[in-house]
$ cat run24.cif   # mmCIF, C-alpha atoms and all ligand atoms
data_final
#
loop_
_atom_site.label_atom_id
_atom_site.label_comp_id
_atom_site.auth_asym_id
_atom_site.auth_seq_id
_atom_site.Cartn_x
_atom_site.Cartn_y
_atom_site.Cartn_z
CA MET A 1 29.00 61.12 62.43
CA SER A 2 32.28 62.69 63.53
CA LYS A 3 32.30 64.57 66.80
CA LYS A 4 32.81 68.31 66.54
CA VAL A 5 35.00 70.41 68.79
CA LEU A 6 34.69 74.20 68.88
CA VAL A 7 38.24 75.54 68.70
CA THR A 8 38.51 79.22 69.56
CA GLY A 9 41.67 80.67 68.10
CA GLY A 10 41.89 77.85 65.55
CA ALA A 11 43.42 80.31 63.06
CA GLY A 12 46.33 81.05 65.38
CA TYR A 13 49.65 79.34 65.94
CA ILE A 14 48.75 76.74 68.56
CA GLY A 15 45.06 76.52 67.62
CA SER A 16 45.84 75.65 63.99
CA HIS A 17 48.17 72.84 65.07
CA ALA A 18 45.47 71.63 67.48
CA CYS A 19 42.98 71.51 64.61
CA LYS A 20 45.36 69.28 62.68
CA ALA A 21 45.78 66.96 65.67
CA LEU A 22 42.01 66.83 66.25
CA ALA A 23 41.29 66.05 62.60
CA ARG A 24 43.91 63.31 62.67
CA ALA A 25 42.23 61.85 65.77
CA GLY A 26 38.87 61.74 63.97
CA TYR A 27 37.19 64.90 65.32
CA VAL A 28 35.93 67.84 63.26
CA PRO A 29 37.54 71.03 64.52
CA VAL A 30 35.22 74.02 64.09
CA THR A 31 37.34 77.14 64.33
CA PHE A 32 35.82 80.22 65.98
CA ASP A 33 38.17 83.13 65.38
CA ASN A 34 38.01 86.86 64.73
CA ILE A 35 41.20 86.67 62.60
CA SER A 36 42.66 89.58 64.56
CA THR A 37 45.99 87.86 65.15
CA GLY A 38 45.33 84.61 63.29
CA TRP A 39 45.18 83.70 59.61
CA GLU A 40 42.26 82.44 57.55
CA GLU A 41 44.74 80.40 55.50
CA ALA A 42 45.73 78.48 58.63
CA VAL A 43 42.21 77.03 58.95
CA LYS A 44 42.66 73.86 56.91
CA PHE A 45 41.15 71.02 58.85
CA GLY A 46 37.51 72.00 59.41
CA PRO A 47 35.07 74.89 59.02
CA LEU A 48 35.76 78.49 60.05
CA VAL A 49 33.22 80.60 61.89
CA LYS A 50 34.38 84.20 61.90
CA GLY A 51 33.31 85.71 65.16
CA ASP A 52 34.45 87.58 68.22
CA LEU A 53 34.33 86.30 71.77
CA LEU A 54 33.11 89.68 72.95
CA ASP A 55 29.97 89.00 70.85
CA LYS A 56 28.12 86.40 72.91
CA PRO A 57 25.25 85.91 70.40
CA ALA A 58 27.86 84.96 67.78
CA ILE A 59 29.21 82.27 70.11
CA GLU A 60 25.69 81.05 70.84
CA ALA A 61 24.96 80.80 67.10
CA ALA A 62 28.13 78.76 66.49
CA LEU A 63 27.31 76.40 69.35
CA ALA A 64 23.71 76.00 68.11
CA GLU A 65 24.79 75.34 64.52
CA HIS A 66 27.57 72.85 65.26
CA ALA A 67 26.55 71.23 68.59
CA PRO A 68 30.16 70.47 69.57
CA ILE A 69 30.95 67.87 72.22
CA ALA A 70 33.64 70.14 73.69
CA VAL A 71 35.25 73.54 73.52
CA MET A 72 39.00 74.08 73.22
CA HIS A 73 39.75 77.66 74.12
CA PHE A 74 42.99 78.99 72.61
CA ALA A 75 41.90 82.47 71.52
CA ALA A 76 43.66 85.11 73.58
CA LEU A 77 46.04 87.98 73.51
CA SER A 78 49.30 86.37 74.56
CA GLN A 79 52.23 88.76 74.65
CA VAL A 80 53.76 89.36 78.05
CA GLY A 81 55.42 92.65 77.04
CA GLU A 82 52.29 94.10 75.42
CA SER A 83 50.20 93.08 78.41
CA MET A 84 52.30 95.37 80.58
CA GLN A 85 51.79 98.30 78.21
CA VAL A 86 48.03 97.88 77.69
CA PRO A 87 46.77 95.79 80.62
CA GLY A 88 43.16 96.90 80.14
CA LYS A 89 43.08 95.33 76.70
CA TYR A 90 44.31 92.00 78.13
CA TRP A 91 41.84 91.96 81.00
CA ARG A 92 38.93 92.99 78.77
CA GLU A 93 39.49 90.72 75.79
CA ASN A 94 40.85 87.66 77.55
CA VAL A 95 38.58 87.64 80.57
CA LEU A 96 35.32 88.99 79.15
CA GLY A 97 35.74 86.80 76.09
CA ALA A 98 36.17 83.76 78.31
CA VAL A 99 33.13 84.61 80.45
CA ASN A 100 30.99 84.84 77.30
CA LEU A 101 32.35 81.58 75.96
CA VAL A 102 32.06 79.57 79.17
CA GLU A 103 28.56 80.85 79.88
CA ALA A 104 27.39 80.22 76.32
CA ALA A 105 28.86 76.71 76.41
CA VAL A 106 27.08 75.68 79.63
CA GLU A 107 23.85 77.26 78.40
CA ALA A 108 24.15 75.19 75.22
CA GLY A 109 24.77 72.03 77.29
CA CYS A 110 28.37 71.70 76.07
CA LYS A 111 30.14 70.95 79.33
CA ASN A 112 33.59 69.71 78.30
CA PHE A 113 36.12 72.52 78.22
CA VAL A 114 39.87 72.47 77.49
CA PHE A 115 41.65 75.69 78.36
CA SER A 116 45.04 77.10 77.33
CA SER A 117 46.60 78.56 80.43
CA THR A 118 50.19 79.44 81.04
CA CYS A 119 53.20 79.08 83.29
CA ALA A 120 53.04 82.90 83.48
CA THR A 121 50.34 82.36 86.12
CA TYR A 122 53.05 81.12 88.53
CA GLY A 123 55.21 84.26 88.59
CA GLU A 124 58.60 84.45 90.32
CA HIS A 125 59.66 81.49 92.48
CA ASP A 126 63.36 81.48 93.33
CA ASN A 127 64.95 78.73 91.31
CA VAL A 128 62.36 76.06 91.97
CA LEU A 129 60.73 73.79 89.45
CA LEU A 130 57.10 74.72 89.03
CA ASP A 131 54.51 72.01 89.40
CA GLU A 132 50.74 72.22 89.32
CA ASN A 133 50.58 72.90 93.06
CA THR A 134 53.00 75.83 92.99
CA PRO A 135 51.24 78.98 94.27
CA GLN A 136 50.17 81.26 91.44
CA HIS A 137 51.30 84.88 91.70
CA PRO A 138 51.47 86.28 88.16
CA ILE A 139 53.67 89.33 87.62
CA ASN A 140 52.16 90.46 84.32
CA ALA A 141 48.67 91.19 83.03
CA TYR A 142 48.80 88.29 80.59
CA GLY A 143 49.36 85.79 83.41
CA GLY A 144 46.82 87.61 85.58
CA SER A 145 44.13 87.37 82.93
CA LYS A 146 44.78 83.64 82.42
CA LEU A 147 44.64 82.97 86.17
CA ALA A 148 41.31 84.80 86.34
CA ILE A 149 39.96 82.47 83.65
CA GLU A 150 41.12 79.44 85.63
CA GLN A 151 39.06 80.78 88.53
CA ILE A 152 36.05 81.38 86.27
CA LEU A 153 36.22 77.74 85.15
CA ALA A 154 36.26 76.59 88.78
CA ASP A 155 33.16 78.68 89.50
CA PHE A 156 31.23 77.35 86.50
CA SER A 157 32.28 73.87 87.45
CA ALA A 158 30.86 74.30 90.94
CA SER A 159 27.62 75.93 89.81
CA HIS A 160 26.93 74.32 86.42
CA GLY A 161 28.93 71.09 86.33
CA LEU A 162 31.39 72.32 83.70
CA ASN A 163 34.14 69.71 83.25
CA HIS A 164 37.49 71.23 82.44
CA VAL A 165 41.09 70.41 81.73
CA ILE A 166 43.51 73.29 82.16
CA PHE A 167 46.88 73.13 80.41
CA ARG A 168 49.54 75.48 81.69
CA TYR A 169 51.92 75.87 78.79
CA PHE A 170 55.58 76.58 79.13
CA ASN A 171 57.25 78.05 76.00
CA VAL A 172 55.71 76.63 72.86
CA ALA A 173 58.00 76.41 69.84
CA GLY A 174 58.50 74.61 66.53
CA ALA A 175 56.04 73.96 63.73
CA ASP A 176 54.20 71.16 61.98
CA PRO A 177 57.03 69.11 60.42
CA GLU A 178 54.79 68.50 57.38
CA GLY A 179 54.68 72.27 56.82
CA GLU A 180 50.88 72.59 56.61
CA VAL A 181 50.77 75.13 59.45
CA GLY A 182 53.38 77.02 61.43
CA GLU A 183 54.12 80.00 63.61
CA PHE A 184 53.52 83.39 62.02
CA HIS A 185 52.77 86.40 64.17
CA GLN A 186 52.55 89.99 62.95
CA PRO A 187 54.27 91.61 64.72
CA GLU A 188 56.49 88.79 65.97
CA THR A 189 57.64 88.95 69.61
CA HIS A 190 58.81 85.41 70.38
CA LEU A 191 62.40 84.43 70.79
CA ILE A 192 62.85 81.62 68.26
CA PRO A 193 61.12 83.22 65.22
CA LEU A 194 62.86 86.53 65.95
CA MET A 195 66.17 84.72 66.11
CA LEU A 196 65.46 83.05 62.75
CA ASP A 197 64.51 86.45 61.29
CA ALA A 198 67.86 87.82 62.45
CA ILE A 199 69.69 84.89 60.84
CA GLU A 200 67.93 85.59 57.54
CA GLY A 201 68.70 89.31 57.74
CA LYS A 202 65.01 90.21 58.06
CA ARG A 203 65.97 92.21 61.13
CA PRO A 204 69.41 93.55 62.01
CA ALA A 205 69.89 91.48 65.17
CA LEU A 206 68.22 89.57 67.96
CA THR A 207 68.09 91.71 71.09
CA ILE A 208 68.67 89.72 74.26
CA PHE A 209 66.31 91.18 76.84
CA GLY A 210 68.39 91.40 80.00
CA THR A 211 71.81 89.93 80.76
CA ASP A 212 71.81 90.58 84.51
CA TYR A 213 69.32 87.96 85.68
CA PRO A 214 70.46 85.71 88.55
CA THR A 215 71.10 82.74 86.20
CA PRO A 216 74.42 81.15 85.19
CA ASP A 217 74.78 83.28 82.03
CA GLY A 218 72.62 86.22 83.11
CA THR A 219 69.77 85.56 80.65
CA CYS A 220 66.26 84.25 81.35
CA ILE A 221 65.59 80.54 81.46
CA ARG A 222 62.55 78.95 79.82
CA ASP A 223 61.24 75.42 79.25
CA TYR A 224 60.49 74.91 75.54
CA VAL A 225 57.91 72.39 74.31
CA HIS A 226 57.18 71.45 70.70
CA VAL A 227 53.80 72.61 69.44
CA MET A 228 53.03 69.14 67.99
CA ASP A 229 53.65 67.51 71.37
CA LEU A 230 51.59 70.20 73.06
CA VAL A 231 48.55 69.67 70.83
CA ASP A 232 48.81 65.89 71.23
CA ALA A 233 48.28 66.51 74.95
CA HIS A 234 45.10 68.41 74.10
CA VAL A 235 43.64 65.41 72.28
CA LEU A 236 44.48 63.31 75.35
CA GLY A 237 42.84 65.98 77.54
CA LEU A 238 39.71 65.83 75.42
CA LYS A 239 39.57 62.04 75.78
CA TRP A 240 40.10 62.45 79.53
CA LEU A 241 36.96 64.62 79.67
CA GLU A 242 34.99 62.30 77.39
CA GLU A 243 35.83 59.45 79.75
CA GLY A 244 34.39 61.50 82.62
CA LYS A 245 37.64 61.72 84.55
CA GLY A 246 36.84 65.20 85.87
CA ASN A 247 38.61 68.49 86.33
CA ARG A 248 42.39 68.48 86.19
CA VAL A 249 45.30 70.88 85.67
CA PHE A 250 48.37 69.77 83.73
CA ASN A 251 51.63 71.59 83.11
CA LEU A 252 52.97 71.09 79.60
CA GLY A 253 56.74 71.42 79.60
CA THR A 254 59.73 69.12 79.52
CA GLY A 255 61.35 69.88 82.86
CA LYS A 256 64.47 71.20 81.14
CA GLY A 257 65.33 74.87 81.11
CA PHE A 258 67.41 76.74 78.54
CA SER A 259 68.70 80.29 78.78
CA VAL A 260 68.29 82.75 75.91
CA ARG A 261 71.99 82.36 75.14
CA GLU A 262 71.68 78.56 75.10
CA VAL A 263 68.83 78.79 72.59
CA VAL A 264 71.04 80.95 70.38
CA GLU A 265 73.91 78.42 70.66
CA HIS A 266 71.63 75.52 69.71
CA SER A 267 70.44 77.49 66.73
CA ASN A 268 73.97 77.88 65.46
CA SER A 269 74.36 74.11 65.41
CA VAL A 270 71.02 73.53 63.65
CA THR A 271 71.18 76.22 60.96
CA ASN A 272 74.96 76.57 60.64
CA LYS A 273 74.40 80.30 60.45
CA PRO A 274 75.40 82.81 63.11
CA VAL A 275 72.73 84.77 64.98
CA PRO A 276 73.57 88.47 65.07
CA ILE A 277 72.81 89.59 68.63
CA THR A 278 72.72 92.77 70.66
CA GLU A 279 72.21 93.03 74.38
CA GLY A 280 69.35 95.15 75.67
CA PRO A 281 67.58 95.92 78.93
CA ARG A 282 65.14 93.57 80.63
CA ARG A 283 61.62 93.37 79.19
CA ALA A 284 58.94 94.36 81.71
CA GLY A 285 57.01 91.41 83.08
CA ASP A 286 59.61 88.71 82.33
CA CYS A 287 60.22 86.11 85.05
CA THR A 288 63.79 84.93 85.64
CA LYS A 289 63.11 81.24 85.25
CA LEU A 290 60.07 79.20 84.26
CA VAL A 291 60.67 75.45 84.17
CA SER A 292 58.03 72.78 84.60
CA GLY A 293 58.69 70.36 87.42
CA SER A 294 55.76 68.12 86.81
CA GLU A 295 55.43 64.71 85.32
CA ARG A 296 51.69 64.69 85.86
CA ALA A 297 50.78 64.91 82.15
CA GLU A 298 53.07 61.99 81.35
CA LYS A 299 51.88 59.84 84.24
CA GLU A 300 48.15 60.56 84.17
CA LEU A 301 47.42 61.45 80.55
CA GLY A 302 50.00 59.13 79.06
CA TRP A 303 51.57 62.09 77.25
CA THR A 304 54.94 61.35 75.68
CA PRO A 305 56.64 64.32 74.05
CA THR A 306 58.64 63.10 71.06
CA ARG A 307 59.81 66.29 69.34
CA SER A 308 60.59 68.60 72.26
CA THR A 309 64.36 68.83 71.99
CA LEU A 310 65.71 72.29 71.19
CA GLU A 311 67.35 70.92 68.04
CA THR A 312 64.09 69.50 66.67
CA MET A 313 62.05 72.56 67.64
CA ILE A 314 64.51 74.93 66.01
CA ALA A 315 64.89 72.69 62.94
CA ASP A 316 61.09 72.48 62.44
CA ALA A 317 60.71 76.22 63.04
CA TRP A 318 63.57 76.91 60.61
CA ARG A 319 62.03 74.77 57.86
CA TRP A 320 58.67 76.52 58.24
CA HIS A 321 60.34 79.91 58.52
CA GLN A 322 62.08 79.51 55.19
CA ASN A 323 59.10 78.10 53.28
CA GLY A 324 55.87 79.07 54.97
CA HIS A 325 53.98 82.21 55.80
CA TYR A 326 50.42 83.45 55.64
CA GLU A 327 48.93 86.51 54.03
CA LYS A 328 45.82 88.43 55.03
N1 LIG A 401 63.55 87.23 74.46
C1 LIG A 401 64.67 87.95 74.10
N2 LIG A 401 64.63 88.69 72.95
C2 LIG A 401 63.53 88.72 72.15
C3 LIG A 401 62.38 87.97 72.51
C4 LIG A 401 62.43 87.22 73.68
O1 LIG A 401 65.69 87.95 74.81
O2 LIG A 401 63.56 89.43 71.12
C5 LIG A 401 63.57 86.43 75.70
C6 LIG A 401 62.50 86.85 76.70
O3 LIG A 401 62.97 87.88 77.54
C7 LIG A 401 62.26 85.53 77.44
C8 LIG A 401 62.53 84.46 76.39
O4 LIG A 401 63.30 85.10 75.36
O5 LIG A 401 63.20 85.38 78.46
C9 LIG A 401 61.27 83.89 75.78
O6 LIG A 401 60.45 84.98 75.37
P1 LIG A 401 59.18 84.78 74.46
O7 LIG A 401 58.62 86.15 74.16
O8 LIG A 401 59.53 83.91 73.29
O9 LIG A 401 58.17 83.94 75.35
P2 LIG A 401 57.56 84.25 76.82
O10 LIG A 401 58.50 83.59 77.79
O11 LIG A 401 57.45 85.72 76.99
O12 LIG A 401 56.23 83.58 76.77
#
$ encode --input "run24.cif" --output "structure tokens"
Amino acid sequence: MSKKVLVTGGAGYIGSHACKALARAGYVPVTFDNISTGWEEAVKFGPLVKGDLLDKPAIEAALAEHAPIAVMHFAALSQVGESMQVPGKYWRENVLGAVNLVEAAVEAGCKNFVFSSTCATYGEHDNVLLDENTPQHPINAYGGSKLAIEQILADFSASHGLNHVIFRYFNVAGADPEGEVGEFHQPETHLIPLMLDAIEGKRPALTIFGTDYPTPDGTCIRDYVHVMDLVDAHVLGLKWLEEGKGNRVFNLGTGKGFSVREVVEHSNSVTNKPVPITEGPRRAGDCTKLVSGSERAEKELGWTPTRSTLETMIADAWRWHQNGHYEK
């Protein structure tokens, strides 16, 4: 019988791609999602349990029904800007939801846990590459809530033997090249889909948030990683736990940083269409530069990103953008 994995947020952007990767690797992904920001249509590779992480009995029922060998926890509010406007919502939903999930999992005897964390937990570090040992000082409520969950996992590990792999994502981009799932947020806040919207005339222009950062062209620098590469790392992380290799944190990035303006330039060469842009003020909570300096995932997990060039990420996102979307 195939092994089941409970995937919270399996109806969302990264979670739906993870379900595809899990199914391809022979697992059954059981999505647990409240469909608040995700899409029922994106759940294509295993069953959907509609439920909310703030409802612990619903999590317990899903764990009892499916007896998963592991939990992959993607479900979260994830917008830096919004987290600065409504921090209480981020702390409540992300942290309380995670406490319910982690506690229910250990109570059900499911002690393998893969967690989606973020480079936003590192905060500002003047022009250094960020590796897994970089001190974590988040400057926004999103990063703060994710760091709190990392600490919760450490506590449950010490007291209940929870085994966990934490992935700290850099900027996830692109889409399934086969077009089965893709990125579709309502409202959209991320750079690449907003840029593609502007190209298609779905919005008047892309606003560049801040042109006075201390970077060569004045715009923020990020490390972009393809969603298919990212979810491949999750399957490797799951195997790592199944092999009993213990708790570990891995950054998932490429070690290469691109400014907002550089992303726009790459897009011109991929789509052959100009991006209308306007320049605006900085967005609250944005760090100047977030670039992964770690090769740990490649060395220890054997992770080899194959699609994480800007050209491929933008091309895959562009193909999905033109052909795919979900409806409630
Ligand atoms: N950004 C921008 N205009 C937008 C959206 C994003 O200039 O309309 C910038 C943002 O300030 C950041 C980068 O693009 O420097 C990536 O932002 P995104 O929201 O995609 O991801 P984040 O880094 O917040 O996770």
$ residues_near_ligand --input "run24.cif" --ligand "ligand LIG 401 (chain A)" --cutoff "6 Å" --atoms "all atoms listed in the file" --output "PyMOL selection string"
chain A and resi 80+171+189-191+194+206-209+220+260+283+286
$ atom_distance --input "run24.cif" --atom1 "CA of Glu107 in chain A" --atom2 "CA of Ala154 in chain A"
16.2 Å
$ residues_near_point --input "run24.cif" --point "(68.2, 69.3, 63.8)" --cutoff "10 Å" --atoms "all atoms listed in the file" --output "ChimeraX atom specification"
/A:266-267,269-271,309-316,318
$ residues_around --input "run24.cif" --residues "range 25-36 of chain A" --least-positions-apart "4" --cutoff "6 Å" --atoms "only C-alpha atoms" --output "ChimeraX atom specification"
/A:2-10,19,46-52
$ atom_distance --input "run24.cif" --atom1 "CA of Ala104 in chain A" --atom2 "CA of Ile59 in chain A"
6.8 Å
$ closest_residue --input "run24.cif" --among "A:Ile192, A:Ile149, A:Ala64, A:Leu236" --to "Ala297 in chain A" --atoms "all atoms listed in the file"
A:Leu236
$ closest_residue --input "run24.cif" --among "A:Phe115, A:Glu150, A:Ile199, A:His73" --to "Asn268 in chain A" --atoms "all atoms listed in the file"
A:Ile199
$ atom_distance --input "run24.cif" --atom1 "CA of Glu183 in chain A" --atom2 "CA of Tyr13 in chain A"
5.1 Å
$ residues_near_point --input "run24.cif" --point "(50.1, 68.3, 89.9)" --cutoff "9 Å" --atoms "all atoms listed in the file" --output "tab-separated table (two decimals) with C-alpha atoms, keeping the file's coordinate frame"
chain	number	residue	atom	x	y	z
A	131	ASP	CA	54.51	72.01	89.40
A	132	GLU	CA	50.74	72.22	89.32
A	133	ASN	CA	50.58	72.90	93.06
A	134	THR	CA	53.00	75.83	92.99
A	248	ARG	CA	42.39	68.48	86.19
A	249	VAL	CA	45.30	70.88	85.67
A	250	PHE	CA	48.37	69.77	83.73
A	251	ASN	CA	51.63	71.59	83.11
A	294	SER	CA	55.76	68.12	86.81
A	295	GLU	CA	55.43	64.71	85.32
A	296	ARG	CA	51.69	64.69	85.86
A	297	ALA	CA	50.78	64.91	82.15
$ residues_around --input "run24.cif" --residues "range 175-181 of chain A" --least-positions-apart "3" --cutoff "12 Å" --atoms "all atoms listed in the file" --output "PyMOL selection string"
chain A and resi 10-21+38-45+172+184+192-193+225-232+307-308+312-326
$ closest_residue --input "run24.cif" --among "A:Tyr213, A:Trp91, A:Tyr224, A:Trp240" --to "Ala148 in chain A" --atoms "only C-alpha atoms"
A:Trp91
$ residues_around --input "run24.cif" --residues "Leu53 in chain A" --least-positions-apart "5" --cutoff "7 Å" --atoms "all atoms listed in the file" --output "list in words"
Ile59, Gly97, Asn100 and Leu101 of chain A
$ write_last_selection --input "run24.cif" --atoms "C-alpha atoms" --output "CSV table (one decimal), in the coordinates of the input"
chain,number,residue,atom,x,y,z
A,59,ILE,CA,29.2,82.3,70.1
A,97,GLY,CA,35.7,86.8,76.1
A,100,ASN,CA,31.0,84.8,77.3
A,101,LEU,CA,32.4,81.6,76.0
$ axis_aligned_box --input "run24.cif" --around "range 291-309 of chain A" --padding-each-side "3 Å" --output "lines of an AutoDock Vina configuration file"
center_x = 55.9
center_y = 67.3
center_z = 78.4
size_x = 22.9
size_y = 22.3
size_z = 24.1
$ closest_residue --input "run24.cif" --among "A:Phe113, A:Lys146, A:Gly161, A:Asn140" --to "Leu96 in chain A" --atoms "only C-alpha atoms"
A:Lys146
$ closest_residue --input "run24.cif" --among "A:Ala105, A:Glu124, A:Val235, A:Lys273" --to "Leu301 in chain A" --atoms "only C-alpha atoms"
A:Val235
$ build_atoms --input "run24.cif" --residues "range 166-175 of chain A" --atoms "all heavy atoms" --output "PDB file, in the frame of the given file"
ATOM      1  N   ILE A 166      42.707  72.072  82.342  1.00  0.00           N
ATOM      2  CA  ILE A 166      43.510  73.290  82.160  1.00  0.00           C
ATOM      3  C   ILE A 166      44.933  72.863  81.844  1.00  0.00           C
ATOM      4  O   ILE A 166      45.537  72.088  82.593  1.00  0.00           O
ATOM      5  CB  ILE A 166      43.488  74.146  83.443  1.00  0.00           C
ATOM      6  CG1 ILE A 166      42.080  74.700  83.694  1.00  0.00           C
ATOM      7  CG2 ILE A 166      44.528  75.277  83.365  1.00  0.00           C
ATOM      8  CD1 ILE A 166      41.914  75.385  85.040  1.00  0.00           C
ATOM      9  N   PHE A 167      45.472  73.372  80.730  1.00  0.00           N
ATOM     10  CA  PHE A 167      46.880  73.130  80.410  1.00  0.00           C
ATOM     11  C   PHE A 167      47.657  74.408  80.646  1.00  0.00           C
ATOM     12  O   PHE A 167      47.316  75.450  80.069  1.00  0.00           O
ATOM     13  CB  PHE A 167      47.033  72.700  78.946  1.00  0.00           C
ATOM     14  CG  PHE A 167      46.546  71.312  78.668  1.00  0.00           C
ATOM     15  CD1 PHE A 167      45.469  71.089  77.826  1.00  0.00           C
ATOM     16  CD2 PHE A 167      47.175  70.213  79.249  1.00  0.00           C
ATOM     17  CE1 PHE A 167      45.022  69.790  77.568  1.00  0.00           C
ATOM     18  CE2 PHE A 167      46.737  68.915  78.995  1.00  0.00           C
ATOM     19  CZ  PHE A 167      45.655  68.709  78.154  1.00  0.00           C
ATOM     20  N   ARG A 168      48.665  74.325  81.481  1.00  0.00           N
ATOM     21  CA  ARG A 168      49.540  75.480  81.690  1.00  0.00           C
ATOM     22  C   ARG A 168      50.785  75.275  80.836  1.00  0.00           C
ATOM     23  O   ARG A 168      51.635  74.441  81.149  1.00  0.00           O
ATOM     24  CB  ARG A 168      49.899  75.639  83.168  1.00  0.00           C
ATOM     25  CG  ARG A 168      48.687  75.968  84.012  1.00  0.00           C
ATOM     26  CD  ARG A 168      49.053  76.394  85.428  1.00  0.00           C
ATOM     27  NE  ARG A 168      47.836  76.465  86.233  1.00  0.00           N
ATOM     28  CZ  ARG A 168      47.675  75.930  87.440  1.00  0.00           C
ATOM     29  NH1 ARG A 168      48.698  75.313  88.027  1.00  0.00           N
ATOM     30  NH2 ARG A 168      46.532  76.033  88.084  1.00  0.00           N
ATOM     31  N   TYR A 169      50.832  76.038  79.734  1.00  0.00           N
ATOM     32  CA  TYR A 169      51.920  75.870  78.790  1.00  0.00           C
ATOM     33  C   TYR A 169      53.180  76.537  79.296  1.00  0.00           C
ATOM     34  O   TYR A 169      53.142  77.649  79.802  1.00  0.00           O
ATOM     35  CB  TYR A 169      51.634  76.557  77.451  1.00  0.00           C
ATOM     36  CG  TYR A 169      50.371  76.200  76.739  1.00  0.00           C
ATOM     37  CD1 TYR A 169      49.931  77.013  75.704  1.00  0.00           C
ATOM     38  CD2 TYR A 169      49.626  75.075  77.048  1.00  0.00           C
ATOM     39  CE1 TYR A 169      48.790  76.734  74.994  1.00  0.00           C
ATOM     40  CE2 TYR A 169      48.479  74.790  76.345  1.00  0.00           C
ATOM     41  CZ  TYR A 169      48.062  75.620  75.327  1.00  0.00           C
ATOM     42  OH  TYR A 169      46.915  75.340  74.614  1.00  0.00           O
ATOM     43  N   PHE A 170      54.307  75.902  79.001  1.00  0.00           N
ATOM     44  CA  PHE A 170      55.580  76.580  79.130  1.00  0.00           C
ATOM     45  C   PHE A 170      55.847  77.220  77.749  1.00  0.00           C
ATOM     46  O   PHE A 170      54.912  77.698  77.138  1.00  0.00           O
ATOM     47  CB  PHE A 170      56.631  75.625  79.725  1.00  0.00           C
ATOM     48  CG  PHE A 170      56.356  75.471  81.211  1.00  0.00           C
ATOM     49  CD1 PHE A 170      55.219  74.802  81.669  1.00  0.00           C
ATOM     50  CD2 PHE A 170      57.159  76.089  82.151  1.00  0.00           C
ATOM     51  CE1 PHE A 170      54.896  74.744  83.024  1.00  0.00           C
ATOM     52  CE2 PHE A 170      56.853  76.031  83.512  1.00  0.00           C
ATOM     53  CZ  PHE A 170      55.721  75.362  83.939  1.00  0.00           C
ATOM     54  N   ASN A 171      57.046  77.288  77.246  1.00  0.00           N
ATOM     55  CA  ASN A 171      57.250  78.050  76.000  1.00  0.00           C
ATOM     56  C   ASN A 171      57.073  77.174  74.774  1.00  0.00           C
ATOM     57  O   ASN A 171      57.869  76.255  74.548  1.00  0.00           O
ATOM     58  CB  ASN A 171      58.628  78.701  76.015  1.00  0.00           C
ATOM     59  CG  ASN A 171      58.628  79.937  76.887  1.00  0.00           C
ATOM     60  OD1 ASN A 171      58.362  79.838  78.090  1.00  0.00           O
ATOM     61  ND2 ASN A 171      58.862  81.087  76.308  1.00  0.00           N
ATOM     62  N   VAL A 172      56.059  77.470  74.011  1.00  0.00           N
ATOM     63  CA  VAL A 172      55.710  76.630  72.860  1.00  0.00           C
ATOM     64  C   VAL A 172      56.549  77.076  71.655  1.00  0.00           C
ATOM     65  O   VAL A 172      56.695  78.267  71.398  1.00  0.00           O
ATOM     66  CB  VAL A 172      54.216  76.763  72.554  1.00  0.00           C
ATOM     67  CG1 VAL A 172      53.817  75.742  71.506  1.00  0.00           C
ATOM     68  CG2 VAL A 172      53.396  76.595  73.823  1.00  0.00           C
ATOM     69  N   ALA A 173      57.108  76.092  70.953  1.00  0.00           N
ATOM     70  CA  ALA A 173      58.000  76.410  69.840  1.00  0.00           C
ATOM     71  C   ALA A 173      57.873  75.335  68.759  1.00  0.00           C
ATOM     72  O   ALA A 173      57.203  74.320  68.949  1.00  0.00           O
ATOM     73  CB  ALA A 173      59.446  76.493  70.336  1.00  0.00           C
ATOM     74  N   GLY A 174      58.521  75.585  67.614  1.00  0.00           N
ATOM     75  CA  GLY A 174      58.500  74.610  66.530  1.00  0.00           C
ATOM     76  C   GLY A 174      57.296  74.800  65.633  1.00  0.00           C
ATOM     77  O   GLY A 174      56.529  75.759  65.766  1.00  0.00           O
ATOM     78  N   ALA A 175      57.132  73.885  64.702  1.00  0.00           N
ATOM     79  CA  ALA A 175      56.040  73.960  63.730  1.00  0.00           C
ATOM     80  C   ALA A 175      55.736  72.552  63.251  1.00  0.00           C
ATOM     81  O   ALA A 175      56.528  71.622  63.470  1.00  0.00           O
ATOM     82  CB  ALA A 175      56.456  74.836  62.552  1.00  0.00           C
TER      83      ALA A 175
END
